[in-house]
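Chemist: My structure is below; once you've seen it, I'll send some questions.
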Protein chains: 2
Amino acid sequence: LSWRVIRLDLAYEGTDFHGFAPQPGLRTVAGELALVLRRVTGEDVPVTAAGRTDAGVHAMGQVVSFQTQSSIGLPELKGALNALTGPDLLVHGISDADSSFDARRSALSRSYEYRVWNAPQPDLWERRRTTHVVESLDVAAMCAACDLLVGRHDFRAFYTHQAQDDLAKNTVCSVCEARWERDPQEPRLVRFSIEADAFLRYMVRTIVGSSLLVGSGRLAPEALGEMLQHRERTQAGPTAPAHGLALLSVRYPED
Amino acid sequence: LSWRVIRLDLAYEGTDFHGFAPQPGLRTVAGELALVLRRVTGEDVPVTAAGRTDAGVHAMGQVVSFQTQSSIGLPELKGALNALTGPDLLVHGISDADSSFDARRSALSRSYEYRVWNAPQPDLWERRRTTHVVESLDVAAMCAACDLLVGRHDFRAFYTHQAQDDLAKNTVCSVCEARWERDPQEPRLVRFSIEADAFLRYMVRTIVGSSLLVGSGRLAPEALGEMLQHRERTQAGPTAPAHGLALLSVRYPED
């Protein structure tokens with residue numbers, strides 16, 4: 001039997017997962033996928049994901065790849081995954097990929113969205129996927145602030161470094177889009193869209209936390225450019241809550 | 001201290017409630033409201049709701065009334081209710097009502113909405129509030145079927161009678177609207193809107209279950225008229241799942 005590489009396109013709600021990576025005794029996205037893959041293929045199949053989704057973060061277009069020797073048909077495998085995982089994890093697409101395909105390494109860029117519910121009252125159906133902000137936000141100022149982030153920069157100021165991390169970690173990322181917008185149909189919904197080749201830990205949420213200080217008038221838009229210059233996490237704003245964030249899509253050369 | 005009648009306008013997601021009415025040891029909407037009212041007013045305050053929401057059913061515009069001798073300010077009481085109830089229960093409005101006001105008895109009509117997600121795959125963010133139907137539905141046929149229900153009729157065929165119920169219960173209701181529509185912006189979403197002066201147990205869900213048999217071609221549209229004539233629950237379709245249903249609004253003479 002030869003090895004094949006399978007690509008999954010999936011969506012999940014992060015609320016009831018302890019993040020993506022397997023953790024003993026906790027429900028995680030990779031753990032739940034591996035459980036079903038072991039049951040269906042009889043193999044211990046480690047999965048690779050395109051984009052970081054920390055605990056509580058959602059994904060609308062996550063891409064996962066894994067190698068298997070199983071000859072199971074793709075429709076059967078997709079059916080088994082959707083039947084045996086929870087209703088908060090949906091496999092939308094499945095395909096045989098090139099043997100060199102790796103969901104993480106082959107990706108050109110990732111796009112994330114952060115949703116803010118900007119109204120006096122929270123919304124019943126948006127509460128699991130938006131962060132509620134009561135103060136009316138100056139979205140134009142937030143947009144001006146994030147313009148300063150577009151381009152190839154060292155994002156160390158927006159990186160939350162942990163004890164086990166490599167001190168020499170490359171913190172340079174190329175951001176090709178970073179934009180705030182008030183939804184034209186639903187003005188209480190304010191969205192941040194960011195696309196980059198790579199993201200650092202809590203980078204989007206720290207950019208969002210810093211932007212919200214601009215949106216509420218506590219900081220001038222230029223402050224985000226200064227944070228970038230300082231390259232010190234302590235200069236940036238707070239990390240915004242996880243549940244407003246979602247991985248929207250991943251770009252590959254072949255798409 | 002004199003008695004006052006307070007009206008609450010509230011929304012809740014039914015997922016994590018065991019229905020509206022208090023039940024010992026279970027989380028219910030009335031139970032959660034009474035808990036906070038007891039804490040704030042020191043009184044045991046029974047609340048009356050305008051519209052039936054069985055276990056799992058949501059409400060966007062439920063109206064509740066209660067009597068109290070407390071002189072607490074309305075903004076304070078609203079703040080306490082929103083702070084002390086779960087995030088799945090939101091008090092949107094609070095007002096002093098006429099002493100004769102009773103949320104249930106004063107209501108002229110109730111409007112419910114039933115949401116169906118009509119697509120091969122379920123939707124991550126709609127799954128808690130729509131029923132997933134894979135087969136493509138003939139919405140025009142469903143609409144024609146429900147036209148037959150508009151007017152003043154005996155809805156016994158759509159009433160699920162229980163052991164403790166009064167056998168002589170009045171099962172005549174006046175339905176002023178009963179309409180199916182595919183959402184023009186999101187064609188995977190199919191909605192049923194019904195407004196009537198009164199509703200019987202599982203009435204909307206049984207009309208929906210019967211309509212779905214029409215929408216999938218298993219019954220002709222005329223069948224709903226025949227069910228109405230037969231006045232036998234066994235002639236009607238199955239009860240559709242609770243989580244697709246929401247109480248949208250309640251009409252009062254003073255509004």
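Every chain in the structure tokens has a letter given in the order shown (A, B, ...), and although residue numbers restart at 1 in each chain, ligands are simply numbered from 1 in the order shown.
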Could you list, as a VMD selection string, the residues of chain A having an atom within 7 Å of chain B when counting only C-alpha atoms?

Modeler: chain A and resid 12 to 13 88 124

Chemist: Could the residues in this selection be saved with N, CA, C and O atoms as a tab-separated table (two decimals), in the first residue's frame?

Modeler:
```
chain	number	residue	atom	x	y	z
A	12	TYR	N	-15.17	25.11	12.02
A	12	TYR	CA	-15.57	24.73	13.38
A	12	TYR	C	-15.85	25.97	14.21
A	12	TYR	O	-15.33	27.05	13.95
A	13	GLU	N	-16.70	25.76	15.21
A	13	GLU	CA	-16.93	26.79	16.21
A	13	GLU	C	-16.00	26.48	17.37
A	13	GLU	O	-16.04	25.38	17.93
A	88	ASP	N	-20.32	20.88	15.93
A	88	ASP	CA	-19.56	22.13	15.85
A	88	ASP	C	-18.31	22.00	14.99
A	88	ASP	O	-17.46	22.89	14.97
A	124	LEU	N	-28.12	38.20	20.86
A	124	LEU	CA	-28.30	36.80	21.26
A	124	LEU	C	-27.57	35.83	20.33
A	124	LEU	O	-26.93	34.88	20.78
```

Chemist: Mind fitting chain A onto chain B over all Cα atoms in sequence order and sending the result as a PDB file with C-alpha atoms, in the first residue's frame?

Modeler:
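File produced: result-v4.pdb:
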```pdb
ATOM      1  CA  LEU A   1     -46.332  50.119  49.552  1.00  0.00           C
ATOM      2  CA  SER A   2     -48.594  49.676  46.565  1.00  0.00           C
ATOM      3  CA  TRP A   3     -48.465  47.085  43.830  1.00  0.00           C
ATOM      4  CA  ARG A   4     -47.022  47.888  40.441  1.00  0.00           C
ATOM      5  CA  VAL A   5     -47.015  45.829  37.254  1.00  0.00           C
ATOM      6  CA  ILE A   6     -43.740  45.617  35.355  1.00  0.00           C
ATOM      7  CA  ARG A   7     -43.402  44.536  31.736  1.00  0.00           C
ATOM      8  CA  LEU A   8     -40.192  42.974  30.426  1.00  0.00           C
ATOM      9  CA  ASP A   9     -39.362  42.548  26.737  1.00  0.00           C
ATOM     10  CA  LEU A  10     -36.817  39.794  26.395  1.00  0.00           C
ATOM     11  CA  ALA A  11     -34.968  37.456  24.078  1.00  0.00           C
ATOM     12  CA  TYR A  12     -33.470  34.072  24.847  1.00  0.00           C
ATOM     13  CA  GLU A  13     -31.836  31.151  23.143  1.00  0.00           C
ATOM     14  CA  GLY A  14     -33.762  28.023  24.139  1.00  0.00           C
ATOM     15  CA  THR A  15     -30.827  25.599  23.737  1.00  0.00           C
ATOM     16  CA  ASP A  16     -29.755  25.517  27.375  1.00  0.00           C
ATOM     17  CA  PHE A  17     -33.160  26.070  29.014  1.00  0.00           C
ATOM     18  CA  HIS A  18     -35.691  23.364  29.878  1.00  0.00           C
ATOM     19  CA  GLY A  19     -38.470  25.551  28.508  1.00  0.00           C
ATOM     20  CA  PHE A  20     -40.140  28.551  30.102  1.00  0.00           C
ATOM     21  CA  ALA A  21     -42.163  27.333  33.087  1.00  0.00           C
ATOM     22  CA  PRO A  22     -40.368  26.790  36.426  1.00  0.00           C
ATOM     23  CA  GLN A  23     -39.338  23.187  37.085  1.00  0.00           C
ATOM     24  CA  PRO A  24     -37.610  22.095  40.282  1.00  0.00           C
ATOM     25  CA  GLY A  25     -33.899  21.451  39.757  1.00  0.00           C
ATOM     26  CA  LEU A  26     -33.927  22.462  36.079  1.00  0.00           C
ATOM     27  CA  ARG A  27     -32.840  25.691  34.439  1.00  0.00           C
ATOM     28  CA  THR A  28     -35.892  27.398  32.922  1.00  0.00           C
ATOM     29  CA  VAL A  29     -36.499  30.971  31.759  1.00  0.00           C
ATOM     30  CA  ALA A  30     -39.145  31.734  34.399  1.00  0.00           C
ATOM     31  CA  GLY A  31     -37.012  30.038  37.057  1.00  0.00           C
ATOM     32  CA  GLU A  32     -33.970  32.143  36.201  1.00  0.00           C
ATOM     33  CA  LEU A  33     -36.011  35.377  36.178  1.00  0.00           C
ATOM     34  CA  ALA A  34     -37.686  34.507  39.504  1.00  0.00           C
ATOM     35  CA  LEU A  35     -34.283  33.799  41.073  1.00  0.00           C
ATOM     36  CA  VAL A  36     -33.021  37.289  40.202  1.00  0.00           C
ATOM     37  CA  LEU A  37     -36.327  38.994  41.126  1.00  0.00           C
ATOM     38  CA  ARG A  38     -36.273  37.304  44.541  1.00  0.00           C
ATOM     39  CA  ARG A  39     -32.686  38.459  45.068  1.00  0.00           C
ATOM     40  CA  VAL A  40     -33.424  42.042  44.012  1.00  0.00           C
ATOM     41  CA  THR A  41     -36.941  42.606  45.428  1.00  0.00           C
ATOM     42  CA  GLY A  42     -36.979  40.118  48.291  1.00  0.00           C
ATOM     43  CA  GLU A  43     -40.320  38.848  46.953  1.00  0.00           C
ATOM     44  CA  ASP A  44     -41.401  35.569  45.395  1.00  0.00           C
ATOM     45  CA  VAL A  45     -42.535  36.929  42.068  1.00  0.00           C
ATOM     46  CA  PRO A  46     -44.407  34.634  39.681  1.00  0.00           C
ATOM     47  CA  VAL A  47     -44.006  35.816  36.090  1.00  0.00           C
ATOM     48  CA  THR A  48     -46.518  35.510  33.243  1.00  0.00           C
ATOM     49  CA  ALA A  49     -45.343  35.120  29.634  1.00  0.00           C
ATOM     50  CA  ALA A  50     -47.188  36.128  26.486  1.00  0.00           C
ATOM     51  CA  GLY A  51     -46.270  33.167  24.336  1.00  0.00           C
ATOM     52  CA  ARG A  52     -45.607  29.476  24.805  1.00  0.00           C
ATOM     53  CA  THR A  53     -41.988  28.452  24.232  1.00  0.00           C
ATOM     54  CA  ASP A  54     -41.479  24.763  24.868  1.00  0.00           C
ATOM     55  CA  ALA A  55     -38.086  23.253  25.738  1.00  0.00           C
ATOM     56  CA  GLY A  56     -35.523  24.220  23.088  1.00  0.00           C
ATOM     57  CA  VAL A  57     -37.686  26.943  21.527  1.00  0.00           C
ATOM     58  CA  HIS A  58     -36.161  30.436  21.269  1.00  0.00           C
ATOM     59  CA  ALA A  59     -37.710  33.868  21.744  1.00  0.00           C
ATOM     60  CA  MET A  60     -36.692  37.112  20.101  1.00  0.00           C
ATOM     61  CA  GLY A  61     -39.571  39.198  21.461  1.00  0.00           C
ATOM     62  CA  GLN A  62     -41.103  37.471  24.466  1.00  0.00           C
ATOM     63  CA  VAL A  63     -43.133  39.673  26.822  1.00  0.00           C
ATOM     64  CA  VAL A  64     -43.327  38.907  30.525  1.00  0.00           C
ATOM     65  CA  SER A  65     -45.258  40.674  33.289  1.00  0.00           C
ATOM     66  CA  PHE A  66     -45.209  40.476  37.064  1.00  0.00           C
ATOM     67  CA  GLN A  67     -46.510  42.338  40.084  1.00  0.00           C
ATOM     68  CA  THR A  68     -44.202  43.703  42.750  1.00  0.00           C
ATOM     69  CA  GLN A  69     -44.255  46.009  45.762  1.00  0.00           C
ATOM     70  CA  SER A  70     -40.599  46.917  45.241  1.00  0.00           C
ATOM     71  CA  SER A  71     -39.839  50.547  44.404  1.00  0.00           C
ATOM     72  CA  ILE A  72     -36.604  49.703  42.584  1.00  0.00           C
ATOM     73  CA  GLY A  73     -35.837  51.907  39.555  1.00  0.00           C
ATOM     74  CA  LEU A  74     -36.411  50.330  36.148  1.00  0.00           C
ATOM     75  CA  PRO A  75     -32.842  50.871  34.841  1.00  0.00           C
ATOM     76  CA  GLU A  76     -31.433  49.260  38.005  1.00  0.00           C
ATOM     77  CA  LEU A  77     -33.775  46.273  37.689  1.00  0.00           C
ATOM     78  CA  LYS A  78     -32.948  45.824  34.006  1.00  0.00           C
ATOM     79  CA  GLY A  79     -29.233  46.043  34.826  1.00  0.00           C
ATOM     80  CA  ALA A  80     -29.575  43.471  37.603  1.00  0.00           C
ATOM     81  CA  LEU A  81     -31.503  41.065  35.364  1.00  0.00           C
ATOM     82  CA  ASN A  82     -28.948  41.306  32.564  1.00  0.00           C
ATOM     83  CA  ALA A  83     -26.023  40.974  34.965  1.00  0.00           C
ATOM     84  CA  LEU A  84     -27.399  38.042  36.952  1.00  0.00           C
ATOM     85  CA  THR A  85     -28.984  35.894  34.242  1.00  0.00           C
ATOM     86  CA  GLY A  86     -26.942  33.905  31.710  1.00  0.00           C
ATOM     87  CA  PRO A  87     -25.700  35.391  28.426  1.00  0.00           C
ATOM     88  CA  ASP A  88     -28.457  33.412  26.640  1.00  0.00           C
ATOM     89  CA  LEU A  89     -31.186  35.581  28.217  1.00  0.00           C
ATOM     90  CA  LEU A  90     -31.307  39.288  27.355  1.00  0.00           C
ATOM     91  CA  VAL A  91     -33.748  41.850  28.759  1.00  0.00           C
ATOM     92  CA  HIS A  92     -34.149  44.402  25.952  1.00  0.00           C
ATOM     93  CA  GLY A  93     -36.894  46.545  27.474  1.00  0.00           C
ATOM     94  CA  ILE A  94     -38.487  47.256  30.834  1.00  0.00           C
ATOM     95  CA  SER A  95     -41.456  49.494  31.628  1.00  0.00           C
ATOM     96  CA  ASP A  96     -44.154  50.187  34.207  1.00  0.00           C
ATOM     97  CA  ALA A  97     -47.401  48.851  32.772  1.00  0.00           C
ATOM     98  CA  ASP A  98     -51.026  49.616  33.516  1.00  0.00           C
ATOM     99  CA  SER A  99     -52.239  47.798  36.650  1.00  0.00           C
ATOM    100  CA  SER A 100     -54.583  45.736  34.456  1.00  0.00           C
ATOM    101  CA  PHE A 101     -51.755  44.568  32.155  1.00  0.00           C
ATOM    102  CA  ASP A 102     -51.137  40.842  31.941  1.00  0.00           C
ATOM    103  CA  ALA A 103     -48.572  39.710  29.354  1.00  0.00           C
ATOM    104  CA  ARG A 104     -50.642  36.661  28.428  1.00  0.00           C
ATOM    105  CA  ARG A 105     -54.239  37.864  28.738  1.00  0.00           C
ATOM    106  CA  SER A 106     -53.706  41.338  27.279  1.00  0.00           C
ATOM    107  CA  ALA A 107     -52.027  40.027  24.111  1.00  0.00           C
ATOM    108  CA  LEU A 108     -53.958  40.293  20.849  1.00  0.00           C
ATOM    109  CA  SER A 109     -51.734  37.946  18.866  1.00  0.00           C
ATOM    110  CA  ARG A 110     -48.376  36.162  18.786  1.00  0.00           C
ATOM    111  CA  SER A 111     -46.017  35.766  15.823  1.00  0.00           C
ATOM    112  CA  TYR A 112     -43.689  32.791  15.495  1.00  0.00           C
ATOM    113  CA  GLU A 113     -40.976  32.015  12.982  1.00  0.00           C
ATOM    114  CA  TYR A 114     -39.697  28.572  12.015  1.00  0.00           C
ATOM    115  CA  ARG A 115     -36.320  28.412  10.249  1.00  0.00           C
ATOM    116  CA  VAL A 116     -35.213  25.594   7.950  1.00  0.00           C
ATOM    117  CA  TRP A 117     -31.664  25.307   6.599  1.00  0.00           C
ATOM    118  CA  ASN A 118     -32.286  23.766   3.178  1.00  0.00           C
ATOM    119  CA  ALA A 119     -28.901  22.706   1.809  1.00  0.00           C
ATOM    120  CA  PRO A 120     -26.759  19.568   1.464  1.00  0.00           C
ATOM    121  CA  GLN A 121     -24.609  20.645   4.429  1.00  0.00           C
ATOM    122  CA  PRO A 122     -25.648  22.153   7.765  1.00  0.00           C
ATOM    123  CA  ASP A 123     -24.376  25.627   8.648  1.00  0.00           C
ATOM    124  CA  LEU A 124     -22.035  26.137  11.592  1.00  0.00           C
ATOM    125  CA  TRP A 125     -23.686  29.342  12.847  1.00  0.00           C
ATOM    126  CA  GLU A 126     -27.296  28.505  11.969  1.00  0.00           C
ATOM    127  CA  ARG A 127     -27.334  25.008  13.468  1.00  0.00           C
ATOM    128  CA  ARG A 128     -28.759  26.042  16.862  1.00  0.00           C
ATOM    129  CA  ARG A 129     -31.674  27.952  15.318  1.00  0.00           C
ATOM    130  CA  THR A 130     -32.551  26.094  12.109  1.00  0.00           C
ATOM    131  CA  THR A 131     -33.682  22.590  11.286  1.00  0.00           C
ATOM    132  CA  HIS A 132     -31.493  21.084   8.596  1.00  0.00           C
ATOM    133  CA  VAL A 133     -33.353  19.640   5.584  1.00  0.00           C
ATOM    134  CA  VAL A 134     -31.215  18.223   2.767  1.00  0.00           C
ATOM    135  CA  GLU A 135     -33.953  17.623   0.145  1.00  0.00           C
ATOM    136  CA  SER A 136     -34.653  20.737  -1.893  1.00  0.00           C
ATOM    137  CA  LEU A 137     -38.039  22.078  -0.770  1.00  0.00           C
ATOM    138  CA  ASP A 138     -40.867  23.278  -3.011  1.00  0.00           C
ATOM    139  CA  VAL A 139     -41.587  26.446  -1.072  1.00  0.00           C
ATOM    140  CA  ALA A 140     -44.443  27.541  -3.369  1.00  0.00           C
ATOM    141  CA  ALA A 141     -46.302  24.298  -2.601  1.00  0.00           C
ATOM    142  CA  MET A 142     -45.694  24.762   1.146  1.00  0.00           C
ATOM    143  CA  CYS A 143     -47.013  28.305   0.895  1.00  0.00           C
ATOM    144  CA  ALA A 144     -50.124  27.128  -0.978  1.00  0.00           C
ATOM    145  CA  ALA A 145     -50.717  24.469   1.700  1.00  0.00           C
ATOM    146  CA  CYS A 146     -50.512  26.990   4.537  1.00  0.00           C
ATOM    147  CA  ASP A 147     -52.862  29.438   2.786  1.00  0.00           C
ATOM    148  CA  LEU A 148     -55.582  26.936   3.681  1.00  0.00           C
ATOM    149  CA  LEU A 149     -54.907  27.498   7.378  1.00  0.00           C
ATOM    150  CA  VAL A 150     -55.492  31.256   7.381  1.00  0.00           C
ATOM    151  CA  GLY A 151     -58.745  32.199   9.052  1.00  0.00           C
ATOM    152  CA  ARG A 152     -60.703  31.040  12.101  1.00  0.00           C
ATOM    153  CA  HIS A 153     -60.531  27.249  12.297  1.00  0.00           C
ATOM    154  CA  ASP A 154     -60.499  24.362  14.722  1.00  0.00           C
ATOM    155  CA  PHE A 155     -56.799  23.361  14.855  1.00  0.00           C
ATOM    156  CA  ARG A 156     -57.382  20.140  16.854  1.00  0.00           C
ATOM    157  CA  ALA A 157     -55.479  18.178  14.147  1.00  0.00           C
ATOM    158  CA  PHE A 158     -52.330  20.161  15.004  1.00  0.00           C
ATOM    159  CA  TYR A 159     -52.741  19.951  18.784  1.00  0.00           C
ATOM    160  CA  THR A 160     -50.764  17.474  20.869  1.00  0.00           C
ATOM    161  CA  HIS A 161     -53.014  16.676  23.754  1.00  0.00           C
ATOM    162  CA  GLN A 162     -51.549  15.452  27.046  1.00  0.00           C
ATOM    163  CA  ALA A 163     -52.972  13.399  29.914  1.00  0.00           C
ATOM    164  CA  GLN A 164     -53.486  16.360  32.239  1.00  0.00           C
ATOM    165  CA  ASP A 165     -55.271  18.462  29.601  1.00  0.00           C
ATOM    166  CA  ASP A 166     -58.886  19.547  29.675  1.00  0.00           C
ATOM    167  CA  LEU A 167     -60.717  17.393  27.124  1.00  0.00           C
ATOM    168  CA  ALA A 168     -63.104  20.269  26.424  1.00  0.00           C
ATOM    169  CA  LYS A 169     -60.237  22.625  25.596  1.00  0.00           C
ATOM    170  CA  ASN A 170     -61.101  25.247  23.005  1.00  0.00           C
ATOM    171  CA  THR A 171     -58.998  24.425  19.945  1.00  0.00           C
ATOM    172  CA  VAL A 172     -60.327  27.188  17.703  1.00  0.00           C
ATOM    173  CA  CYS A 173     -57.683  29.765  16.732  1.00  0.00           C
ATOM    174  CA  SER A 174     -57.699  32.719  14.357  1.00  0.00           C
ATOM    175  CA  VAL A 175     -54.649  32.616  12.096  1.00  0.00           C
ATOM    176  CA  CYS A 176     -54.105  35.919  10.294  1.00  0.00           C
ATOM    177  CA  GLU A 177     -50.828  34.965   8.587  1.00  0.00           C
ATOM    178  CA  ALA A 178     -49.205  31.615   7.647  1.00  0.00           C
ATOM    179  CA  ARG A 179     -46.541  31.978   5.015  1.00  0.00           C
ATOM    180  CA  TRP A 180     -43.424  30.135   3.800  1.00  0.00           C
ATOM    181  CA  GLU A 181     -40.650  32.090   2.106  1.00  0.00           C
ATOM    182  CA  ARG A 182     -37.165  31.369   0.790  1.00  0.00           C
ATOM    183  CA  ASP A 183     -34.845  34.144   1.988  1.00  0.00           C
ATOM    184  CA  PRO A 184     -34.039  36.360  -1.029  1.00  0.00           C
ATOM    185  CA  GLN A 185     -30.492  37.089   0.226  1.00  0.00           C
ATOM    186  CA  GLU A 186     -29.721  33.586   1.527  1.00  0.00           C
ATOM    187  CA  PRO A 187     -31.606  30.986  -0.548  1.00  0.00           C
ATOM    188  CA  ARG A 188     -30.526  28.151   1.753  1.00  0.00           C
ATOM    189  CA  LEU A 189     -32.698  29.680   4.492  1.00  0.00           C
ATOM    190  CA  VAL A 190     -36.429  28.927   4.321  1.00  0.00           C
ATOM    191  CA  ARG A 191     -38.713  30.635   6.829  1.00  0.00           C
ATOM    192  CA  PHE A 192     -42.259  30.044   8.034  1.00  0.00           C
ATOM    193  CA  SER A 193     -44.096  33.003   9.601  1.00  0.00           C
ATOM    194  CA  ILE A 194     -47.348  32.506  11.462  1.00  0.00           C
ATOM    195  CA  GLU A 195     -49.445  34.940  13.447  1.00  0.00           C
ATOM    196  CA  ALA A 196     -52.534  33.947  15.436  1.00  0.00           C
ATOM    197  CA  ASP A 197     -54.535  35.043  18.456  1.00  0.00           C
ATOM    198  CA  ALA A 198     -53.676  31.785  20.226  1.00  0.00           C
ATOM    199  CA  PHE A 199     -51.584  28.663  19.702  1.00  0.00           C
ATOM    200  CA  LEU A 200     -52.067  25.098  20.902  1.00  0.00           C
ATOM    201  CA  ARG A 201     -49.325  22.784  22.166  1.00  0.00           C
ATOM    202  CA  TYR A 202     -46.875  21.944  19.336  1.00  0.00           C
ATOM    203  CA  MET A 203     -49.252  23.599  16.847  1.00  0.00           C
ATOM    204  CA  VAL A 204     -46.583  25.517  14.895  1.00  0.00           C
ATOM    205  CA  ARG A 205     -44.199  22.567  14.889  1.00  0.00           C
ATOM    206  CA  THR A 206     -46.938  20.189  13.658  1.00  0.00           C
ATOM    207  CA  ILE A 207     -47.950  22.618  10.899  1.00  0.00           C
ATOM    208  CA  VAL A 208     -44.248  22.813   9.959  1.00  0.00           C
ATOM    209  CA  GLY A 209     -43.847  19.016  10.020  1.00  0.00           C
ATOM    210  CA  SER A 210     -46.912  18.696   7.773  1.00  0.00           C
ATOM    211  CA  SER A 211     -45.678  21.466   5.442  1.00  0.00           C
ATOM    212  CA  LEU A 212     -42.322  19.728   5.038  1.00  0.00           C
ATOM    213  CA  LEU A 213     -44.161  16.635   3.728  1.00  0.00           C
ATOM    214  CA  VAL A 214     -45.702  18.921   1.100  1.00  0.00           C
ATOM    215  CA  GLY A 215     -42.356  20.620   0.355  1.00  0.00           C
ATOM    216  CA  SER A 216     -40.659  17.285  -0.323  1.00  0.00           C
ATOM    217  CA  GLY A 217     -43.521  16.112  -2.577  1.00  0.00           C
ATOM    218  CA  ARG A 218     -44.829  13.441  -0.180  1.00  0.00           C
ATOM    219  CA  LEU A 219     -48.197  15.203   0.208  1.00  0.00           C
ATOM    220  CA  ALA A 220     -50.243  17.491  -2.013  1.00  0.00           C
ATOM    221  CA  PRO A 221     -50.799  21.054  -0.738  1.00  0.00           C
ATOM    222  CA  GLU A 222     -54.523  20.283  -0.239  1.00  0.00           C
ATOM    223  CA  ALA A 223     -53.590  17.731   2.433  1.00  0.00           C
ATOM    224  CA  LEU A 224     -53.294  20.475   5.062  1.00  0.00           C
ATOM    225  CA  GLY A 225     -56.890  21.526   4.419  1.00  0.00           C
ATOM    226  CA  GLU A 226     -57.962  17.906   4.829  1.00  0.00           C
ATOM    227  CA  MET A 227     -56.071  17.580   8.119  1.00  0.00           C
ATOM    228  CA  LEU A 228     -57.919  20.660   9.369  1.00  0.00           C
ATOM    229  CA  GLN A 229     -61.248  19.013   8.400  1.00  0.00           C
ATOM    230  CA  HIS A 230     -60.419  15.677  10.040  1.00  0.00           C
ATOM    231  CA  ARG A 231     -59.536  17.279  13.372  1.00  0.00           C
ATOM    232  CA  GLU A 232     -57.449  14.210  14.308  1.00  0.00           C
ATOM    233  CA  ARG A 233     -53.804  14.582  15.375  1.00  0.00           C
ATOM    234  CA  THR A 234     -53.040  11.229  13.740  1.00  0.00           C
ATOM    235  CA  GLN A 235     -53.897  12.692  10.306  1.00  0.00           C
ATOM    236  CA  ALA A 236     -51.298  15.477  10.576  1.00  0.00           C
ATOM    237  CA  GLY A 237     -47.537  15.270   9.962  1.00  0.00           C
ATOM    238  CA  PRO A 238     -44.781  14.817  12.553  1.00  0.00           C
ATOM    239  CA  THR A 239     -43.833  17.510  15.075  1.00  0.00           C
ATOM    240  CA  ALA A 240     -40.808  19.394  13.685  1.00  0.00           C
ATOM    241  CA  PRO A 241     -37.795  19.839  16.030  1.00  0.00           C
ATOM    242  CA  ALA A 242     -38.012  22.572  18.677  1.00  0.00           C
ATOM    243  CA  HIS A 243     -34.756  24.376  17.861  1.00  0.00           C
ATOM    244  CA  GLY A 244     -36.050  25.749  14.513  1.00  0.00           C
ATOM    245  CA  LEU A 245     -38.802  27.669  16.279  1.00  0.00           C
ATOM    246  CA  ALA A 246     -38.738  31.170  17.799  1.00  0.00           C
ATOM    247  CA  LEU A 247     -41.392  33.459  19.243  1.00  0.00           C
ATOM    248  CA  LEU A 248     -40.818  36.654  17.264  1.00  0.00           C
ATOM    249  CA  SER A 249     -43.222  39.199  18.732  1.00  0.00           C
ATOM    250  CA  VAL A 250     -46.476  39.810  20.594  1.00  0.00           C
ATOM    251  CA  ARG A 251     -49.096  42.435  19.773  1.00  0.00           C
ATOM    252  CA  TYR A 252     -50.992  44.447  22.405  1.00  0.00           C
ATOM    253  CA  PRO A 253     -53.802  46.980  21.968  1.00  0.00           C
ATOM    254  CA  GLU A 254     -51.595  49.776  23.307  1.00  0.00           C
ATOM    255  CA  ASP A 255     -48.638  49.164  20.935  1.00  0.00           C
TER     256      ASP A 255
END
```

Chemist: Hey, what does DSSP flag as strand (DSSP E or B) within range 94-217 of chain B? Can you give it to me as a ChimeraX atom specification?

Modeler: /B:94-97,109-118,131-133,151-154,172-182,189-196
